[in-house]
Every structure is written in structure tokens, then in C-alpha cells.
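Heads up, the thing below is written out as C-alpha cells.
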Amino acid sequence: MDFNLSEEQKQYLDTVRRFVGREISSRILTLEKGHAFPFDIIRKAWDLGILNLSIPESVKGYSLDLISTALIIRELSYGDSGIATSAMCNDLANAVIGMHGTEAQQQAFLAPFVERPLLASFCLTEPWAGSDNSAMTTCIRKGKDGKYRLNGTKCFITNASFASQFTVFCKVGKPASPFIACVVVPAPAVKPDTADTGSPACREIPLPCGGRILIGKPEDKLGQRLSNTAAVTFEDIEIGDDQIIGDRRLGFQYLTDVLDYARPMVAAIGVGLARRALDVTLAYTRERRQFGQRICDMPVARETLVAMWKRVELAEMALMKAAFLVQEGAPDRGVYASLAKNIAAEAAVFCTTEGLHLHGGYGFMMEYEIAKLIRDAQIIDIYEGVREVQNMIIGRELV
Ligand SMILES: Cc1cc2nc3c(=O)[nH]c(=O)nc-3n(C[C@H](O)[C@H](O)[C@H](O)COP(=O)(O)OP(=O)(O)OC[C@H]3O[C@@H](n4cnc5c(N)ncnc54)[C@H](O)[C@@H]3O)c2cc1C
């Protein structure tokens, strides 16, 4: 494994860093306070070519390697982990189509994302099926006319209020079925220039094929407030065979493939956020003086800064190893994807907690960025599988 970045990767990084500095970091607290979904930033990211990185070249996508993708997501998250989550969710929803869809499905469901700045949602979690996704009850069932119809409710779905397509994992035949399918439900396009980003309401989407999608009110969240999260209900939606990805009994295997791909992406979000917490804390403790010296020069405070730096660097190494192994299709990729996700989540929570502490009372004030970062960090340890689920995956392999 080579830690040197290629010229192309360096250029990508440079472009993303400048974009993040200009469009996000310079006004992050104002953006967060505004409560509006930053669809214009998503559009600019799309213009720049840093969205939809997993889409295959056969449909004119970037088909970018996983290490470069992780670096881009990490840099976006350095600006804001909510925006990075929203961007990453497009690949989360679309990767399975690229991996297991036919050429016709890739053309139908992926090409629109290459042509326009659209958002997609990945629909797995349900109110009674969170960590245990095998308990899901959303289901496709054949009617008397021999056609499948999709029914069920998903919750905590990123991008839902603005999504133009939904990738849905569901049971086949009945809620208690052992088989999981992956189906794609396209919806009318939601465009950045016409979407109501200020206060999106509940959304009802009647579909031409019959049935409707109901999007709930956007969740009011502790952190990652610049990402959009809402519940999605699918009501009697007709699903053609061309909307079922791969074999309709192998959805669980496809889900594992997607999560192996996605966990390093979440790790990248964690590393970006942790490094941002380290950098804002370094800047603060270089400025702030007590007992006649800078806080960063006090031995115990410096030890804390060193501990934060170590967490960031170790998480970065775990991320790179996981991205490399997933890219190579190594047999133990899942374990390292889980490791990277856990270590990065720990780094994000540790660096924001210690960073806030080193800010003293000022860190508790909303006008300091560390107060935002500590709220954002909590979810890294939860979404894409809580810490205990990652440990379950690692433990199973270990013994
Ligand atoms: C902002 C946000 C965005 C999200 N985006 C998406 C999305 O786009 N698509 C999607 O499908 N989902 C999404 N999710 C859902 C997310 O993946 C789930 O919240 C997560 O998987 C945990 O499920 P749960 O919330 O039901 O928690 P539960 O499964 O109820 O777990 C609660 C707690 O129980 C404990 N626990 C659970 N399982 C175990 C175990 N095996 N051993 C020991 N302890 C355990 C853990 O402490 C855990 O934190 C999102 C969530 C949030 C908050």
C-alpha cells in the first residue's frame, strides 16, 4: 500500500480545499443558524465534479477509486459533516445500482445524476428495524394482476425532502420473509433552483405508475443540521421487474457490499470533522493566554492537543487501510471498514469533547465552531451501524 498521493489526487484535494474554504468554512456558523438546506452548495459541488463519484464510466460517471473518494469526502467534512453526509448519500444510494444493476438499469437510474445536480436517498432503517435491519417490514408483494407493489415506512432518511430517487431495501412477498430485495423508485426531479430549501414541508409524490411516496417533516436534529433527514412512506407503488436490482432474493448480500463501501466514507466524514476540531482548537489555544502564557504552551494542555492529533492520525491510517482493502476486494475488507468507522467516530467524539474543554467557557457558546462540531460528531458513532454493531462484525471475524 502506497501512502503517496498521485498528481491527480493532489489536484482533487487542492480543488476541494479551495471550494470548502470559499463556500463552507468561511460562513459555516451563519449557514447552520439559517436552518436552510444548502442545495446551492450541493449544486456547486456537482458543477465542480465532486459528487456521484461511484457512478461507472459506462454512463459517463467518474468511477473514482475509493481512496480518492475518501479524500474528497474527508475534505468536504472538514467544512461541514452534514453537507458531506448529504453528498455521500448519493453514492450510498447509487453504488448498489453500479455494482449489481444491468446496463439498462445503470442508464435509467444513474445517468440522470450525471446530467443534473440531483439527490438520492438510501432507504434501509425503519422505526422498528434500526441496527437489526433483518426486522424490516417494508415489502414488495405480488397483487392479483401479477405485479409487485411496494409498501412500508423508512425513517431517518438522508436527503429525503429533496430526493429525486429512492433506493429501497425491502422484504419479498411478506414482512416475515427471509428474502430481502433492493428496488429503485424514481420520482419527479427536485432541482436546486426551485426547491423550497428554507422550510420544506411534508411532501406527497403521486407516481405515474400508481401509488405515492409520502415524505415526513424534516427532523429537527441535534447536529448535522445542514443535512436533511426525514421519514419516507411508500404506498402501493407498482414496481416493475426493471426496478429490481439483481436477484430479488440477494438484497442482503448487496446491502453488505454497499455498507463495506460506505463505512470508509463515514470514517472519512469522522476524520474530516476530527481534524477540523483539532485545527480550531489549535488556533484558539494559540491565541488565548492565561497565567501569562498561551494555553497551548501549558504542558497539560499541550498533552491534550497531542492526544487529539494522535487520534486524528490513527483514524486517518485506519481509513486509508480500509479504503485500500475495499478497493482491492480483499476478503477481510468488512472488518477493516468497521474498524475505520469505529476509530474515526472515536476520534471525532474525542477531539470535539477535548477541544471544547480547551476552549473553556467560550466553547460552550454557540458562536464558537467547536460547539457545533461536538453536536455534529455524535452521529458518526451511530449512523451506518452503531459502534456495537461494528464491534459485533469485528468480533465475529476474530473468534
Ligand atoms: C442524521 C441521521 C441520518 C441517517 N441517515 C440514514 C439514511 O440515509 N438511510 C438509512 O437507512 N438510515 C439512516 N439513518 C439511520 C441510522 O443508520 C440508524 O439510526 C442506526 O443504524 C441505528 O439504528 P437505531 O437508531 O434504530 O438504533 P437502535 O438499533 O435502536 O440502537 C440503539 C442503541 O442500542 C444499542 N445496540 C443496538 N444494537 C446493539 C447490539 N447488537 N449490541 C449491543 N448494543 C446494541 C446501541 O447502544 C445503540 O446505539 C440515519 C440516522 C440519523 C440520525
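Identifiers for the C-alpha cells are assigned positionally: chains receive A, B, ... in sequence, residues are indexed from 1 per chain, and ligands are indexed from 1 in the order shown.
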Per-residue nearest contacts of chain A to ligand 1 (8 Å; only C-alpha atoms and all ligand atoms) as CSV:
residue,atom,partner,partner_atom_place_in_ligand_line,distance
A:Cys89,CA,ligand 1,8 (O),6.3
A:Ser121,CA,ligand 1,8 (O),6.0
A:Phe122,CA,ligand 1,9 (N),4.9
A:Cys123,CA,ligand 1,11 (O),4.3
A:Leu124,CA,ligand 1,11 (O),3.4
A:Thr125,CA,ligand 1,11 (O),3.8
A:Glu126,CA,ligand 1,26 (O),7.2
A:Pro127,CA,ligand 1,26 (O),6.5
A:Trp128,CA,ligand 1,26 (O),6.8
A:Ala129,CA,ligand 1,26 (O),6.0
A:Gly130,CA,ligand 1,26 (O),3.2
A:Ser131,CA,ligand 1,29 (O),3.6
A:Asp132,CA,ligand 1,29 (O),6.2
A:Lys154,CA,ligand 1,11 (O),7.1
A:Cys155,CA,ligand 1,12 (N),6.7
A:Phe156,CA,ligand 1,50 (C),4.5
A:Ile157,CA,ligand 1,8 (O),4.0
A:Thr158,CA,ligand 1,8 (O),3.8
A:Asn159,CA,ligand 1,8 (O),7.1
A:Lys221,CA,ligand 1,1 (C),7.2
A:Gly223,CA,ligand 1,1 (C),7.8
A:Gln224,CA,ligand 1,1 (C),6.7
A:Ser227,CA,ligand 1,1 (C),7.5
A:Asn228,CA,ligand 1,1 (C),7.8
A:Thr229,CA,ligand 1,3 (C),5.9
A:Ile379,CA,ligand 1,53 (C),6.1
A:Ile382,CA,ligand 1,20 (C),5.4
A:Tyr383,CA,ligand 1,17 (O),3.7
A:Glu384,CA,ligand 1,17 (O),4.5
A:Gly385,CA,ligand 1,21 (O),4.4
A:Val386,CA,ligand 1,49 (O),5.3
A:Arg387,CA,ligand 1,46 (C),7.1
A:Glu388,CA,ligand 1,43 (C),4.9
A:Val389,CA,ligand 1,41 (N),5.1
A:Met392,CA,ligand 1,41 (N),6.7
How would the residues just picked look written out with C-alpha atoms as a compact mmCIF listing (two decimals), in the first residue's frame?
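The new file selection08.txt reads:
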# COMPACT_ATOMS: atom_id res chain seq x y z
CA CYS A 89 -25.64 9.57 0.49
CA SER A 121 -31.87 8.60 -0.76
CA PHE A 122 -30.77 5.25 0.64
CA CYS A 123 -33.74 3.72 2.46
CA LEU A 124 -32.90 0.97 4.92
CA THR A 125 -33.75 1.99 8.51
CA GLU A 126 -37.28 1.56 9.84
CA PRO A 127 -38.88 2.59 13.13
CA TRP A 128 -38.64 -1.00 14.47
CA ALA A 129 -35.65 -2.11 12.41
CA GLY A 130 -32.58 0.01 13.16
CA SER A 131 -29.43 -1.93 14.00
CA ASP A 132 -31.35 -5.14 13.30
CA LYS A 154 -38.49 4.08 6.43
CA CYS A 155 -37.17 6.59 8.96
CA PHE A 156 -34.14 8.92 9.38
CA ILE A 157 -33.60 9.02 5.61
CA THR A 158 -30.92 11.48 4.49
CA ASN A 159 -31.86 13.81 1.59
CA LYS A 221 -31.64 17.39 14.80
CA GLY A 223 -26.26 18.18 14.89
CA GLN A 224 -25.51 17.88 11.18
CA SER A 227 -28.12 17.68 6.12
CA ASN A 228 -31.77 16.85 5.54
CA THR A 229 -33.35 13.88 7.32
CA ILE A 379 -23.98 10.84 14.95
CA ILE A 382 -24.41 5.90 15.30
CA TYR A 383 -25.33 6.03 11.61
CA GLU A 384 -24.19 3.33 9.17
CA GLY A 385 -24.23 0.96 12.14
CA VAL A 386 -23.72 1.86 15.80
CA ARG A 387 -20.37 1.18 17.50
CA GLU A 388 -21.64 -2.10 19.00
CA VAL A 389 -22.67 -3.41 15.56
CA MET A 392 -20.06 -7.41 16.53
Extract the full set of helix (DSSP H, G or I) residues from stretch 62-238 of chain A according to DSSP on the backbone, and format it as a PyMOL selection string.
-> chain A and resi 66-79+81-100+103-115+133-135+160-162
Selected residues, C-alpha atoms, written as a short mmCIF file (atom, residue, chain, number, x, y, z; two decimals), in the first residue's frame, please.
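Result file follows (part03.cif):
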data_model
loop_
_atom_site.label_atom_id
_atom_site.label_comp_id
_atom_site.auth_asym_id
_atom_site.auth_seq_id
_atom_site.Cartn_x
_atom_site.Cartn_y
_atom_site.Cartn_z
CA LEU A 66 -12.25 4.58 -3.22
CA ILE A 67 -9.12 6.22 -1.80
CA SER A 68 -9.66 9.38 -3.88
CA THR A 69 -13.36 9.34 -2.95
CA ALA A 70 -12.50 9.07 0.75
CA LEU A 71 -10.08 12.00 0.46
CA ILE A 72 -12.76 14.17 -1.17
CA ILE A 73 -15.40 13.27 1.43
CA ARG A 74 -12.87 13.92 4.22
CA GLU A 75 -12.19 17.42 2.88
CA LEU A 76 -15.90 18.20 2.46
CA SER A 77 -16.47 17.08 6.03
CA TYR A 78 -13.65 19.37 7.19
CA GLY A 79 -16.03 22.14 6.05
CA SER A 81 -20.03 16.91 8.09
CA GLY A 82 -23.74 17.41 7.31
CA ILE A 83 -23.01 18.56 3.76
CA ALA A 84 -20.54 15.66 3.41
CA THR A 85 -23.25 13.26 4.62
CA SER A 86 -25.72 14.58 2.09
CA ALA A 87 -23.16 14.29 -0.73
CA MET A 88 -22.04 10.83 0.36
CA CYS A 89 -25.64 9.57 0.49
CA ASN A 90 -25.93 9.91 -3.29
CA ASP A 91 -23.18 7.32 -3.65
CA LEU A 92 -24.67 5.23 -0.85
CA ALA A 93 -27.96 5.05 -2.78
CA ASN A 94 -26.38 4.66 -6.22
CA ALA A 95 -23.42 2.35 -5.55
CA VAL A 96 -25.63 -0.76 -5.47
CA ILE A 97 -27.01 0.08 -8.93
CA GLY A 98 -23.46 0.41 -10.26
CA MET A 99 -22.41 -2.85 -8.57
CA HIS A 100 -25.37 -5.10 -9.36
CA GLU A 103 -26.60 -1.84 -18.18
CA ALA A 104 -30.17 -0.68 -18.85
CA GLN A 105 -30.75 -0.03 -15.11
CA GLN A 106 -27.49 1.90 -14.85
CA GLN A 107 -28.52 4.03 -17.81
CA ALA A 108 -32.03 4.62 -16.46
CA PHE A 109 -31.18 5.24 -12.79
CA LEU A 110 -27.62 6.63 -12.79
CA ALA A 111 -27.41 8.77 -15.93
CA PRO A 112 -29.80 11.45 -14.52
CA PHE A 113 -27.30 12.09 -11.70
CA VAL A 114 -24.52 12.66 -14.22
CA GLU A 115 -26.70 15.02 -16.23
CA ASN A 133 -32.30 -4.44 9.71
CA SER A 134 -33.47 -8.04 9.18
CA ALA A 135 -36.57 -6.99 11.20
CA ALA A 160 -35.49 12.58 1.65
CA SER A 161 -37.14 16.02 1.32
CA PHE A 162 -35.07 16.78 -1.80
#
Surrounding residues of A:Leu398 excluding itself and chain neighbours under 5 positions, 12 Å, only C-alpha atoms, as a ChimeraX atom specification = /A:332,335-336,391-393
Hey, what does DSSP flag as strand (DSSP E or B) within stretch 118-290 of chain A? Can you give it to me as a PyMOL selection string?
-> chain A and resi 119-123+126+129+139-142+148-158+163-172+180-186+203-206+212-215+229-239+244+250+289-290
Restricted to C-alpha atoms, what would the selected residues look like written as a PDB file, in the first residue's frame?
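Saved result, again_38.pdb, follows:
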ATOM      1  CA  LEU A 119     -30.095  13.971  -4.821  1.00  0.00           C
ATOM      2  CA  ALA A 120     -30.850  10.344  -3.973  1.00  0.00           C
ATOM      3  CA  SER A 121     -31.870   8.604  -0.758  1.00  0.00           C
ATOM      4  CA  PHE A 122     -30.773   5.254   0.642  1.00  0.00           C
ATOM      5  CA  CYS A 123     -33.740   3.719   2.457  1.00  0.00           C
ATOM      6  CA  GLU A 126     -37.284   1.557   9.845  1.00  0.00           C
ATOM      7  CA  ALA A 129     -35.645  -2.107  12.414  1.00  0.00           C
ATOM      8  CA  CYS A 139     -42.215  -5.268   1.486  1.00  0.00           C
ATOM      9  CA  ILE A 140     -42.880  -5.872  -2.198  1.00  0.00           C
ATOM     10  CA  ARG A 141     -45.805  -8.215  -2.719  1.00  0.00           C
ATOM     11  CA  LYS A 142     -47.403  -9.514  -5.919  1.00  0.00           C
ATOM     12  CA  TYR A 148     -45.250  -6.179  -7.377  1.00  0.00           C
ATOM     13  CA  ARG A 149     -46.316  -3.303  -5.127  1.00  0.00           C
ATOM     14  CA  LEU A 150     -44.118  -1.649  -2.515  1.00  0.00           C
ATOM     15  CA  ASN A 151     -45.482  -0.700   0.924  1.00  0.00           C
ATOM     16  CA  GLY A 152     -43.782   0.384   4.132  1.00  0.00           C
ATOM     17  CA  THR A 153     -42.180   3.201   6.105  1.00  0.00           C
ATOM     18  CA  LYS A 154     -38.486   4.080   6.430  1.00  0.00           C
ATOM     19  CA  CYS A 155     -37.174   6.594   8.965  1.00  0.00           C
ATOM     20  CA  PHE A 156     -34.139   8.915   9.381  1.00  0.00           C
ATOM     21  CA  ILE A 157     -33.599   9.021   5.614  1.00  0.00           C
ATOM     22  CA  THR A 158     -30.918  11.480   4.495  1.00  0.00           C
ATOM     23  CA  ALA A 163     -34.560  13.330  -3.298  1.00  0.00           C
ATOM     24  CA  SER A 164     -35.350  12.563  -6.925  1.00  0.00           C
ATOM     25  CA  GLN A 165     -34.795   8.819  -6.488  1.00  0.00           C
ATOM     26  CA  PHE A 166     -35.056   6.296  -3.654  1.00  0.00           C
ATOM     27  CA  THR A 167     -33.058   3.073  -3.323  1.00  0.00           C
ATOM     28  CA  VAL A 168     -35.129   0.863  -1.051  1.00  0.00           C
ATOM     29  CA  PHE A 169     -34.276  -2.377   0.742  1.00  0.00           C
ATOM     30  CA  CYS A 170     -37.413  -4.411   1.409  1.00  0.00           C
ATOM     31  CA  LYS A 171     -38.733  -7.887   2.081  1.00  0.00           C
ATOM     32  CA  VAL A 172     -40.148 -10.021  -0.718  1.00  0.00           C
ATOM     33  CA  ILE A 180     -34.564  -9.008   1.000  1.00  0.00           C
ATOM     34  CA  ALA A 181     -34.716  -7.199  -2.349  1.00  0.00           C
ATOM     35  CA  CYS A 182     -33.267  -3.904  -3.486  1.00  0.00           C
ATOM     36  CA  VAL A 183     -35.612  -1.772  -5.598  1.00  0.00           C
ATOM     37  CA  VAL A 184     -35.230   1.674  -7.150  1.00  0.00           C
ATOM     38  CA  VAL A 185     -38.084   4.180  -7.116  1.00  0.00           C
ATOM     39  CA  PRO A 186     -37.532   7.230  -9.326  1.00  0.00           C
ATOM     40  CA  ARG A 203     -44.211  16.125   0.582  1.00  0.00           C
ATOM     41  CA  GLU A 204     -46.679  13.903  -1.232  1.00  0.00           C
ATOM     42  CA  ILE A 205     -45.435  12.459  -4.507  1.00  0.00           C
ATOM     43  CA  PRO A 206     -48.096  10.695  -6.596  1.00  0.00           C
ATOM     44  CA  ARG A 212     -47.489   7.540  -3.834  1.00  0.00           C
ATOM     45  CA  ILE A 213     -44.494   8.453  -1.707  1.00  0.00           C
ATOM     46  CA  LEU A 214     -45.049  10.488   1.458  1.00  0.00           C
ATOM     47  CA  ILE A 215     -42.105  12.419   2.890  1.00  0.00           C
ATOM     48  CA  THR A 229     -33.346  13.879   7.317  1.00  0.00           C
ATOM     49  CA  ALA A 230     -36.975  12.723   7.104  1.00  0.00           C
ATOM     50  CA  ALA A 231     -39.232   9.661   7.170  1.00  0.00           C
ATOM     51  CA  VAL A 232     -40.439   8.160   3.871  1.00  0.00           C
ATOM     52  CA  THR A 233     -43.591   6.095   3.367  1.00  0.00           C
ATOM     53  CA  PHE A 234     -44.155   4.047   0.217  1.00  0.00           C
ATOM     54  CA  GLU A 235     -47.819   3.407  -0.518  1.00  0.00           C
ATOM     55  CA  ASP A 236     -48.896   0.861  -3.138  1.00  0.00           C
ATOM     56  CA  ILE A 237     -46.102   1.710  -5.537  1.00  0.00           C
ATOM     57  CA  GLU A 238     -46.011  -0.515  -8.567  1.00  0.00           C
ATOM     58  CA  ILE A 239     -42.554  -1.985  -9.040  1.00  0.00           C
ATOM     59  CA  ILE A 244     -35.485  -4.655  -9.018  1.00  0.00           C
ATOM     60  CA  LEU A 250     -29.960 -11.419  -2.673  1.00  0.00           C
ATOM     61  CA  ARG A 289      -3.472  33.446  27.236  1.00  0.00           C
ATOM     62  CA  GLN A 290      -3.868  32.565  30.926  1.00  0.00           C
TER      63      GLN A 290
END
Smallest atom-to-atom distance to A:Asp2: which of A:Leu339, A:Ala330, A:Met320, A:Ala268, using only C-alpha atoms?
->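 Looking only at the distances to A:Asp2, the closest residue turns out to be A:Met320.
In this model, the gap between atom CA of A:Ala262 and atom CA of A:Lys341 comes to 9.4 Å.
One finds atom CA of A:Leu53 at 12.2 Å from atom CA of A:Tyr261.
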Considering only C-alpha atoms, return as a ChimeraX atom specification whatever protein or nucleic-acid residues lie within 7 Å of A:Ser338, sequence-local ones (same chain, fewer than 5 positions apart) excluded.
-> /A:263,390,394
Writer output for current selection, N, CA and C atoms, as an mmCIF file, in the first residue's frame:
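Now in result_39.cif:
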data_model
loop_
_atom_site.group_PDB
_atom_site.id
_atom_site.type_symbol
_atom_site.label_atom_id
_atom_site.label_comp_id
_atom_site.auth_asym_id
_atom_site.auth_seq_id
_atom_site.Cartn_x
_atom_site.Cartn_y
_atom_site.Cartn_z
ATOM 1 N N ARG A 263 -18.856 2.368 4.744
ATOM 2 C CA ARG A 263 -18.270 2.626 6.077
ATOM 3 C C ARG A 263 -16.957 3.406 6.006
ATOM 4 N N GLN A 390 -20.519 -2.528 14.795
ATOM 5 C CA GLN A 390 -19.177 -2.675 14.181
ATOM 6 C C GLN A 390 -18.356 -3.670 14.994
ATOM 7 N N ILE A 394 -16.522 -7.157 13.871
ATOM 8 C CA ILE A 394 -15.094 -7.420 14.104
ATOM 9 C C ILE A 394 -14.936 -8.675 14.976
#
Find, counting only C-alpha atoms, the residue in A:Arg294, A:Arg27, A:Lys33, A:Arg17 that gets nearest to A:Ala45.
->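 Of all the options, A:Arg17 lies closest to A:Ala45.
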Which one of A:Asp241, A:Glu303, A:Asp80, A:Glu397 sits closest to A:Ile24 if you count only C-alpha atoms?
->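 Nearest candidate to A:Ile24 out of A:Asp241, A:Glu303, A:Asp80, A:Glu397: A:Asp80.
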